Amino acid sequence: MGIWFPGTAWAPGYGPLDRAIRGRRLLAGPASGIHILMIEDDAAIAEMYRVQFEHDGYRVSIATTGEVAVAKLVDGEPDLVLLDLLLPDRSGFEVLDLLNERLPSHPPVVILSNYGEPSMIDRGRSLGAIEYLVKSRVTPAEISRQIPNWVEQGRGGGQPES
Amino acid sequence: MTVVALVQDLTSAGFVALGLAIAFRWYREKGRAQGKLTIALVALAAVALLGRLPQSLLLSLVAVVALMVSAYFVLLFRDEFLALSRRAHWAAGLVLAAGILDGVLLVTVLQHAPGPVVTAFGFLYVLAWALLIGEPVMRFWLASNSLPAVQRTRMRFLSLGFGMLIVILFVDVLGGSALRSPTAIVITQLLALATVPLIYVSFAPPSLVRRIWRMGEENAVRAAMQDLLIFSPTRKDIAERAVFWAVRLLGGTGGYILDAGGNVIAGERNESAGPVVRAPLHMREGEGTLAVVAGTFTPVFGSDEISQLRAYANSVSAGLQRVSVTERMASIEKNKTQFLNLASHELRGPVTVIRGYVSMLEAGMLGHLNERGRKAADVMSAKVSEMNELIEDMIEAARLEEGGVTLRAVDTDLRDVARAAADAVAPLVDAKHTLELDLSDRRVRVLVDPDRTRTIIANLLSNAIKYSPGGGEVRCQVRLRGGVARVTVTDEGLGIAHDDLAILFTRFGRVVTPQTEHLKGTGLGLFLARQLARLQGGDITVASIEGKGSTFTLQLPAISHDGSADVGRKTPADAMSFTVPDSLSS
């Protein structure tokens with residue numbers, strides 16, 4: 001995948017897409033200022049993580065489809081991407097692939113999935129995800145605690161080439 | 001002289017009988033190709049009959065023309081299967097005309113010519129005859145090689161019969177006076193007589209003869225039928241094999257199988273090649289067709305072949321039927337595993353949300369909880385952890401059922417794995433229990449899949465807690481001794497009766513006693529734990545005293561200083577080819 005057609009709405013500035021983004025942006029606490037983009041189509045899960053992350057002082061955007069997510073990424077510059085693999089329009093792997101192609105210097109990506117198959121973990125890592133977590137195995141607090149490390153890792157080490 | 005005359009009469013009678021029999025057969029079952037061969041043989045019979053009648057010019061003229069015509073029609077018979085070119089037709093016509101002219105001269109103006117002239121003209125006449133008949137005879141013989149037994153033998157008998165006639169005629173015309181002795185006449189006549197059954201059988205072989213010819217092939221066909229009934233990888237394979245054998249059986253050039261909907265499932269549907277024989281295939285979803293397309297060299301199929309094709313078709317339908325049943329069974333099995341897989345993955349979503357909010361409630365993040373609220377949150381947390389473990393077990397069981405678990409063996413400190421396992425079961429530890437980790441001071445290096453090993457230890461720990469409902473200490477000890485890494489999990493719980501130890505590690509095997517019947521469980525935990533341990537070259541053993549408690553020991557081969565695993569560890573290939581035990585697939 002990773003094919004981009006001129007005229008598709010992923011490029012910045014295509015208004016309707018921005019309006020389609022259902023995520024909410026909230027000002028993060030002055031302490032962190034870290035902006036997290038969560039790509040997650042299950043509203044209940046997204047909301048739950050948002051409660052935790054905002055409690056911990058992070059700014060959270062939510063994108064419910066891969067397409068919205070890519071637009072969002074090109075538009076704003078989050079510090080960390082939390083990526084679900086099962087999205088309505090395309091797989092998280094495809095989103096990641098597309099990101100690598102279109103935005104080589106994209107923020108660090110952590111995959112959060114319901115699937116923990118070794119082959120999927122390998123694939124996620126080979127595409128440059130810095131971490132792969134199975135959602136049901138970690139609590140929101142555990143994820144939240146790791147966020148500064150991941151952001152640091154992304155800033156320090158740059159993006160691993162896929 | 002009487003013997004010679006008798007033999008000559010006999011031969012003539014033989015050819016006349018042949019002509020009549022063939023003509024009768026043709027009358028019963030008309031066909032263009034057989035029609036031509038019938039004309040050829042009737043003409044031959046006429047020649048034989050005329051030879052026995054009192055000599056007259058007219059009869060002699062009729063005889064020489066009839067003989068040449070018979071050869072020409074054998075050539076036309078061949079033309080029915082392998083079309084002759086225009087030029088060949090012209091040449092054949094020319095040879096025919098020349099032969100007839102030669103024959104007419106021979107019986108008219110040359111009747112009293114000197115011996116050598118008669119011999120020369122006689123030779124030319126026979127040559128023309130041999131040219132017309134020899135070409136198809138050769139063709140039939142060569143073509144017969146690629147045909148099934150019955151067709152092959154028929155072709156060969158036909159070739160042999162006419163070939164012998166050619167030889168006899170040549171010998172007769174060239175032999176001259178040397179062959180005029182009674183003995184020679186008797187021998188040639190008898191040889192000629194011998195061709196009668198050859199030709200007859202080739203034209204219309206009785207079923208007994210066919211069966212004899214086919215014997216060799218029968219075995220192969222029987223083996224093919226058996227194959228259809230016992231060996232069947234896929235429906236397509238079966239169908240392809242069936243077509244191959246059907247074509248071979250009938251000596252067609254091609255064939256195909258249609259399913260009930262008329263779709264080609266094997267072979268190629270090319271009906272322009274020649275006539276097609278069809279046999280019905282009775283299948284559950286309706287009637288399909290097994291069809292064989294006649295080849296250029298295949299004279300129209302005999303009724304025997306057609307009935308054999310029908311019998312064969314019954315085996316084919318049975319085979320196809322069986323394959324679809326096994327395929328359906330396989331897909332049900334697969335669906336079962338897929339369901340287990342899907343269900344467990346789907347369960348992870350809701351569990352994530354419940355677990356997440358419960359953890360926030362416990363942390364007081366969602367507002368202050370009173371005492372009862374906190375207790376409720378604790379209980380929910382424990383239950384959701386149990387649920388989580390159950391889901392993990394289901395996923396792992398599904399993986400095992402799918403036929404292979406790929407292990408990621410890495411150099412690991414077993415103490416870290418034990419710590420992680422203890423963390424995982426921490427929510428299960430209530431006020432009555434204490435969980436004590438007793439770890440070795442030194443590193444315990446093992447080459448294992450850390451996630452799977454954590455699952456094993458977590459299963460042992462959660463069992464220890466679950467089966468000591470009265471509370472007490474659960475002790476997890478990690479040691480390295482004699483090249484073997486050991487994790488022992490000891491509880492002060494219910495213990496297991498000696499007789500019940502055997503079923504502990506079986507799939508869904510749960511020891512149900514009055515003390516344990518209220519405890520929930522799938523019986524997957526220990527089964528998975530042992531399977532995973534064995535996949536990594538280790539094992540799990542148990543020692544227990546009923547009423548006092550149990551000790552489960554996980555053994556894993558440790559890594560020695562040179563970095564290799566000590567004990568006979570299974571290679572990754574072993575792990576990959578791990579086969580699901582019967583108990584799993586039942």
# chains A, B, ... in the order shown; residues from 1 in each chain; ligands from 1
$ select_by_dssp --residues "stretch 190-423 of chain B" --states "helix (DSSP H, G or I)" --output "ChimeraX atom specification"
/B:190-203,207-230,235-250,271-273,303-362,371-401,414-423
$ interface_residues --of "chain A" --to "chain B" --cutoff "12 Å" --atoms "only C-alpha atoms" --output "JSON, numbers by chain"
{"A": [40, 41, 42, 43, 44, 45, 46, 47, 48, 49, 50, 51, 52, 53, 54, 55, 56, 84, 86, 112, 113, 114, 115, 116, 117, 118, 119, 121, 122, 133, 134, 135, 136, 137, 138, 139, 140, 141, 142, 143, 144]}
$ write_last_selection --atoms "C-alpha atoms" --output "CSV table (one decimal), in the first residue's frame"
chain,number,residue,atom,x,y,z
A,40,GLU,CA,-8.5,4.4,17.6
A,41,ASP,CA,-11.9,3.7,16.2
A,42,ASP,CA,-13.4,2.3,19.4
A,43,ALA,CA,-14.9,5.3,21.1
A,44,ALA,CA,-15.0,3.7,24.5
A,45,ILE,CA,-11.4,2.7,24.5
A,46,ALA,CA,-10.3,6.1,23.1
A,47,GLU,CA,-12.3,7.9,25.7
A,48,MET,CA,-10.9,5.8,28.5
A,49,TYR,CA,-7.3,6.5,27.4
A,50,ARG,CA,-8.1,10.2,27.0
A,51,VAL,CA,-9.3,10.4,30.6
A,52,GLN,CA,-6.1,8.9,31.8
A,53,PHE,CA,-3.8,10.9,29.6
A,54,GLU,CA,-5.5,14.2,30.3
A,55,HIS,CA,-5.4,13.5,33.9
A,56,ASP,CA,-1.7,13.1,33.6
A,84,ASP,CA,-4.6,0.9,16.7
A,86,LEU,CA,-7.9,-2.5,13.3
A,112,LEU,CA,-1.8,-0.5,20.7
A,113,SER,CA,-3.7,-3.5,19.5
A,114,ASN,CA,-5.9,-6.4,20.5
A,115,TYR,CA,-3.7,-8.7,18.5
A,116,GLY,CA,-0.5,-10.0,20.0
A,117,GLU,CA,0.6,-12.5,17.4
A,118,PRO,CA,4.4,-12.6,17.1
A,119,SER,CA,4.2,-12.1,13.4
A,121,ILE,CA,4.6,-7.6,16.5
A,122,ASP,CA,7.5,-8.3,14.1
A,133,LEU,CA,1.5,-3.4,23.2
A,134,VAL,CA,-1.5,-5.6,23.6
A,135,LYS,CA,-4.2,-3.3,25.1
A,136,SER,CA,-5.7,-5.8,27.5
A,137,ARG,CA,-2.4,-6.6,29.0
A,138,VAL,CA,-1.6,-3.0,30.1
A,139,THR,CA,-3.6,-0.5,32.1
A,140,PRO,CA,-3.9,3.1,30.9
A,141,ALA,CA,-1.8,4.3,33.8
A,142,GLU,CA,1.1,1.9,32.7
A,143,ILE,CA,0.9,3.4,29.2
A,144,SER,CA,0.7,6.9,30.5
$ residues_around --residues "stretch 70-82 of chain A" --least-positions-apart "3" --cutoff "7 Å" --atoms "only C-alpha atoms" --output "NGL selection string"
:A and (10-12 or 34-39 or 66-67 or 107-112 or 151)
$ select_by_dssp --residues "stretch 151-376 of chain B" --states "strand (DSSP E)" --output "ChimeraX atom specification"
/B:254-258,264-267,276-283,286-293
$ write_last_selection --atoms "N, CA and C atoms" --output "CSV table (one decimal), in the first residue's frame"
chain,number,residue,atom,x,y,z
B,254,GLY,N,-9.3,-36.2,-24.9
B,254,GLY,CA,-9.4,-35.3,-23.8
B,254,GLY,C,-10.7,-35.6,-23.1
B,255,GLY,N,-10.9,-34.8,-22.0
B,255,GLY,CA,-12.1,-35.0,-21.2
B,255,GLY,C,-12.3,-33.9,-20.2
B,256,TYR,N,-13.4,-33.9,-19.6
B,256,TYR,CA,-13.6,-32.9,-18.6
B,256,TYR,C,-14.7,-33.4,-17.6
B,257,ILE,N,-14.8,-32.7,-16.5
B,257,ILE,CA,-15.9,-33.0,-15.5
B,257,ILE,C,-16.6,-31.7,-15.3
B,258,LEU,N,-17.9,-31.8,-15.3
B,258,LEU,CA,-18.8,-30.6,-15.1
B,258,LEU,C,-19.5,-30.9,-13.7
B,264,VAL,N,-16.9,-26.3,-15.4
B,264,VAL,CA,-15.9,-27.2,-15.6
B,264,VAL,C,-15.0,-27.2,-14.4
B,265,ILE,N,-14.9,-28.4,-13.7
B,265,ILE,CA,-14.1,-28.5,-12.5
B,265,ILE,C,-12.7,-29.2,-12.8
B,266,ALA,N,-12.7,-29.9,-13.9
B,266,ALA,CA,-11.4,-30.5,-14.3
B,266,ALA,C,-11.4,-30.7,-15.8
B,267,GLY,N,-10.2,-30.7,-16.3
B,267,GLY,CA,-10.1,-31.0,-17.7
B,267,GLY,C,-10.4,-29.7,-18.6
B,276,VAL,N,-18.4,-37.0,-28.3
B,276,VAL,CA,-18.2,-37.0,-26.8
B,276,VAL,C,-19.1,-38.0,-26.2
B,277,VAL,N,-18.5,-38.8,-25.3
B,277,VAL,CA,-19.3,-39.7,-24.5
B,277,VAL,C,-19.4,-39.1,-23.1
B,278,ARG,N,-20.6,-39.2,-22.6
B,278,ARG,CA,-20.9,-38.6,-21.3
B,278,ARG,C,-21.4,-39.6,-20.3
B,279,ALA,N,-21.0,-39.5,-19.1
B,279,ALA,CA,-21.6,-40.4,-18.0
B,279,ALA,C,-22.0,-39.4,-16.9
B,280,PRO,N,-23.2,-39.7,-16.3
B,280,PRO,CA,-23.6,-38.8,-15.2
B,280,PRO,C,-22.8,-39.0,-13.9
B,281,LEU,N,-22.6,-38.0,-13.2
B,281,LEU,CA,-22.0,-38.0,-11.9
B,281,LEU,C,-23.1,-37.6,-10.9
B,282,HIS,N,-23.4,-38.6,-10.0
B,282,HIS,CA,-24.5,-38.3,-9.1
B,282,HIS,C,-23.8,-37.7,-7.8
B,283,MET,N,-24.1,-36.4,-7.6
B,283,MET,CA,-23.5,-35.8,-6.5
B,283,MET,C,-24.6,-35.2,-5.6
B,286,GLY,N,-26.4,-32.3,-7.0
B,286,GLY,CA,-27.1,-32.4,-8.3
B,286,GLY,C,-26.2,-33.3,-9.2
B,287,GLU,N,-26.6,-33.4,-10.5
B,287,GLU,CA,-26.0,-34.3,-11.4
B,287,GLU,C,-24.9,-33.6,-12.2
B,288,GLY,N,-23.7,-34.1,-12.1
B,288,GLY,CA,-22.6,-33.5,-12.9
B,288,GLY,C,-22.4,-34.4,-14.1
B,289,THR,N,-21.3,-34.2,-14.8
B,289,THR,CA,-21.0,-34.9,-16.0
B,289,THR,C,-19.6,-35.3,-16.1
B,290,LEU,N,-19.3,-36.5,-16.4
B,290,LEU,CA,-17.9,-36.9,-16.8
B,290,LEU,C,-18.0,-37.2,-18.3
B,291,ALA,N,-17.2,-36.4,-19.0
B,291,ALA,CA,-17.2,-36.5,-20.5
B,291,ALA,C,-15.8,-36.8,-21.0
B,292,VAL,N,-15.8,-37.7,-22.0
B,292,VAL,CA,-14.6,-38.0,-22.7
B,292,VAL,C,-14.7,-37.6,-24.2
B,293,VAL,N,-13.8,-36.9,-24.7
B,293,VAL,CA,-13.9,-36.5,-26.1
B,293,VAL,C,-13.1,-37.6,-27.0
$ closest_residue --among "B:Glu29, B:Asp413, B:Asp102, B:Glu240" --to "B:Val65" --atoms "only C-alpha atoms"
B:Asp102
$ residues_around --residues "B:Thr488" --least-positions-apart "4" --cutoff "10 Å" --atoms "only C-alpha atoms" --output "MDAnalysis selection string"
chainID B and resid 438 457 460:461 475:479 540:542 551:555
$ write_last_selection --atoms "N, CA and C atoms" --output "compact mmCIF listing (two decimals), in the first residue's frame"
# COMPACT_ATOMS: atom_id res chain seq x y z
N ASP B 438 10.99 -15.93 45.91
CA ASP B 438 12.28 -16.32 46.47
C ASP B 438 13.22 -16.55 45.29
N ILE B 457 4.31 -19.45 34.29
CA ILE B 457 4.48 -19.18 35.73
C ILE B 457 3.22 -18.51 36.29
N LEU B 460 0.69 -21.06 36.94
CA LEU B 460 0.97 -21.82 38.16
C LEU B 460 0.62 -21.00 39.40
N LEU B 461 0.97 -19.71 39.36
CA LEU B 461 0.70 -18.85 40.52
C LEU B 461 -0.80 -18.65 40.72
N ARG B 475 4.46 -19.58 47.45
CA ARG B 475 5.89 -19.30 47.37
C ARG B 475 6.39 -19.63 45.97
N CYS B 476 7.09 -18.68 45.40
CA CYS B 476 7.63 -18.91 44.06
C CYS B 476 9.14 -18.82 44.13
N GLN B 477 9.75 -19.95 43.91
CA GLN B 477 11.20 -20.02 44.07
C GLN B 477 11.86 -20.23 42.70
N VAL B 478 12.91 -19.46 42.44
CA VAL B 478 13.64 -19.62 41.17
C VAL B 478 15.07 -20.00 41.49
N ARG B 479 15.50 -21.14 40.96
CA ARG B 479 16.84 -21.65 41.26
C ARG B 479 17.50 -22.22 40.00
N ILE B 540 6.76 -29.70 33.23
CA ILE B 540 6.20 -29.33 34.53
C ILE B 540 5.85 -30.61 35.28
N THR B 541 6.25 -30.67 36.54
CA THR B 541 5.91 -31.83 37.35
C THR B 541 5.18 -31.34 38.59
N VAL B 542 4.51 -32.26 39.24
CA VAL B 542 3.75 -31.87 40.41
C VAL B 542 3.95 -32.87 41.54
N THR B 551 3.05 -28.63 45.11
CA THR B 551 4.23 -27.97 44.58
C THR B 551 4.33 -28.29 43.10
N PHE B 552 4.27 -27.27 42.30
CA PHE B 552 4.46 -27.45 40.86
C PHE B 552 5.85 -26.96 40.51
N THR B 553 6.56 -27.78 39.71
CA THR B 553 7.92 -27.40 39.35
C THR B 553 8.04 -27.26 37.83
N LEU B 554 8.45 -26.09 37.42
CA LEU B 554 8.74 -25.86 36.00
C LEU B 554 10.23 -26.00 35.81
N GLN B 555 10.63 -26.91 34.93
CA GLN B 555 12.06 -27.06 34.64
C GLN B 555 12.33 -26.55 33.25
$ atom_distance --atom1 "atom CA of B:Val47" --atom2 "atom CA of B:Ala63"
4.9 Å
$ residues_around --residues "B:Arg25" --least-positions-apart "5" --cutoff "10 Å" --atoms "only C-alpha atoms" --output "ChimeraX atom specification"
/B:19-20,30,34-35,38,203-204
$ decode --residues "stretch 89-114 of chain A" --atoms "N, CA and C atoms" --output "compact mmCIF listing (two decimals), in the first residue's frame"
# COMPACT_ATOMS: atom_id res chain seq x y z
N ASP A 89 -11.04 1.98 7.79
CA ASP A 89 -10.72 2.16 6.37
C ASP A 89 -9.46 1.43 5.94
N ARG A 90 -8.52 1.27 6.79
CA ARG A 90 -7.29 0.58 6.40
C ARG A 90 -6.63 0.04 7.66
N SER A 91 -5.66 -0.82 7.50
CA SER A 91 -5.03 -1.37 8.70
C SER A 91 -4.02 -0.36 9.24
N GLY A 92 -3.73 -0.51 10.53
CA GLY A 92 -2.75 0.36 11.14
C GLY A 92 -1.39 0.24 10.46
N PHE A 93 -1.09 -0.96 9.97
CA PHE A 93 0.19 -1.16 9.27
C PHE A 93 0.26 -0.27 8.03
N GLU A 94 -0.87 -0.20 7.36
CA GLU A 94 -0.89 0.63 6.15
C GLU A 94 -0.72 2.11 6.50
N VAL A 95 -1.34 2.48 7.60
CA VAL A 95 -1.17 3.87 8.05
C VAL A 95 0.31 4.14 8.32
N LEU A 96 0.93 3.21 9.01
CA LEU A 96 2.34 3.37 9.37
C LEU A 96 3.22 3.42 8.12
N ASP A 97 2.90 2.54 7.20
CA ASP A 97 3.62 2.49 5.93
C ASP A 97 3.52 3.82 5.21
N LEU A 98 2.32 4.33 5.18
CA LEU A 98 2.04 5.59 4.50
C LEU A 98 2.79 6.74 5.18
N LEU A 99 2.79 6.69 6.51
CA LEU A 99 3.50 7.72 7.27
C LEU A 99 4.98 7.72 6.92
N ASN A 100 5.55 6.52 6.89
CA ASN A 100 6.98 6.42 6.58
C ASN A 100 7.29 7.02 5.22
N GLU A 101 6.32 6.86 4.32
CA GLU A 101 6.54 7.32 2.96
C GLU A 101 6.34 8.84 2.85
N ARG A 102 5.23 9.30 3.47
CA ARG A 102 4.86 10.70 3.28
C ARG A 102 5.53 11.62 4.28
N LEU A 103 5.78 11.12 5.45
CA LEU A 103 6.35 11.95 6.50
C LEU A 103 7.52 11.23 7.15
N PRO A 104 8.64 11.20 6.47
CA PRO A 104 9.76 10.40 6.99
C PRO A 104 10.17 10.80 8.41
N SER A 105 9.87 12.04 8.78
CA SER A 105 10.28 12.45 10.13
C SER A 105 9.08 12.51 11.07
N HIS A 106 8.16 11.53 10.88
CA HIS A 106 6.96 11.55 11.71
C HIS A 106 7.29 11.24 13.16
N PRO A 107 6.40 11.63 14.07
CA PRO A 107 6.66 11.38 15.49
C PRO A 107 6.70 9.88 15.80
N PRO A 108 7.26 9.52 16.95
CA PRO A 108 7.33 8.09 17.29
C PRO A 108 5.94 7.46 17.34
N VAL A 109 5.88 6.20 16.90
CA VAL A 109 4.60 5.49 16.84
C VAL A 109 4.63 4.30 17.78
N VAL A 110 3.62 4.20 18.63
CA VAL A 110 3.46 3.02 19.50
C VAL A 110 2.18 2.32 19.06
N ILE A 111 2.28 1.04 18.78
CA ILE A 111 1.10 0.30 18.36
C ILE A 111 0.38 -0.26 19.60
N LEU A 112 -0.90 0.00 19.64
CA LEU A 112 -1.75 -0.55 20.71
C LEU A 112 -2.80 -1.39 20.01
N SER A 113 -2.76 -2.69 20.24
CA SER A 113 -3.65 -3.54 19.47
C SER A 113 -4.29 -4.60 20.34
N ASN A 114 -5.33 -5.21 19.82
CA ASN A 114 -5.91 -6.37 20.49
C ASN A 114 -5.24 -7.65 20.03
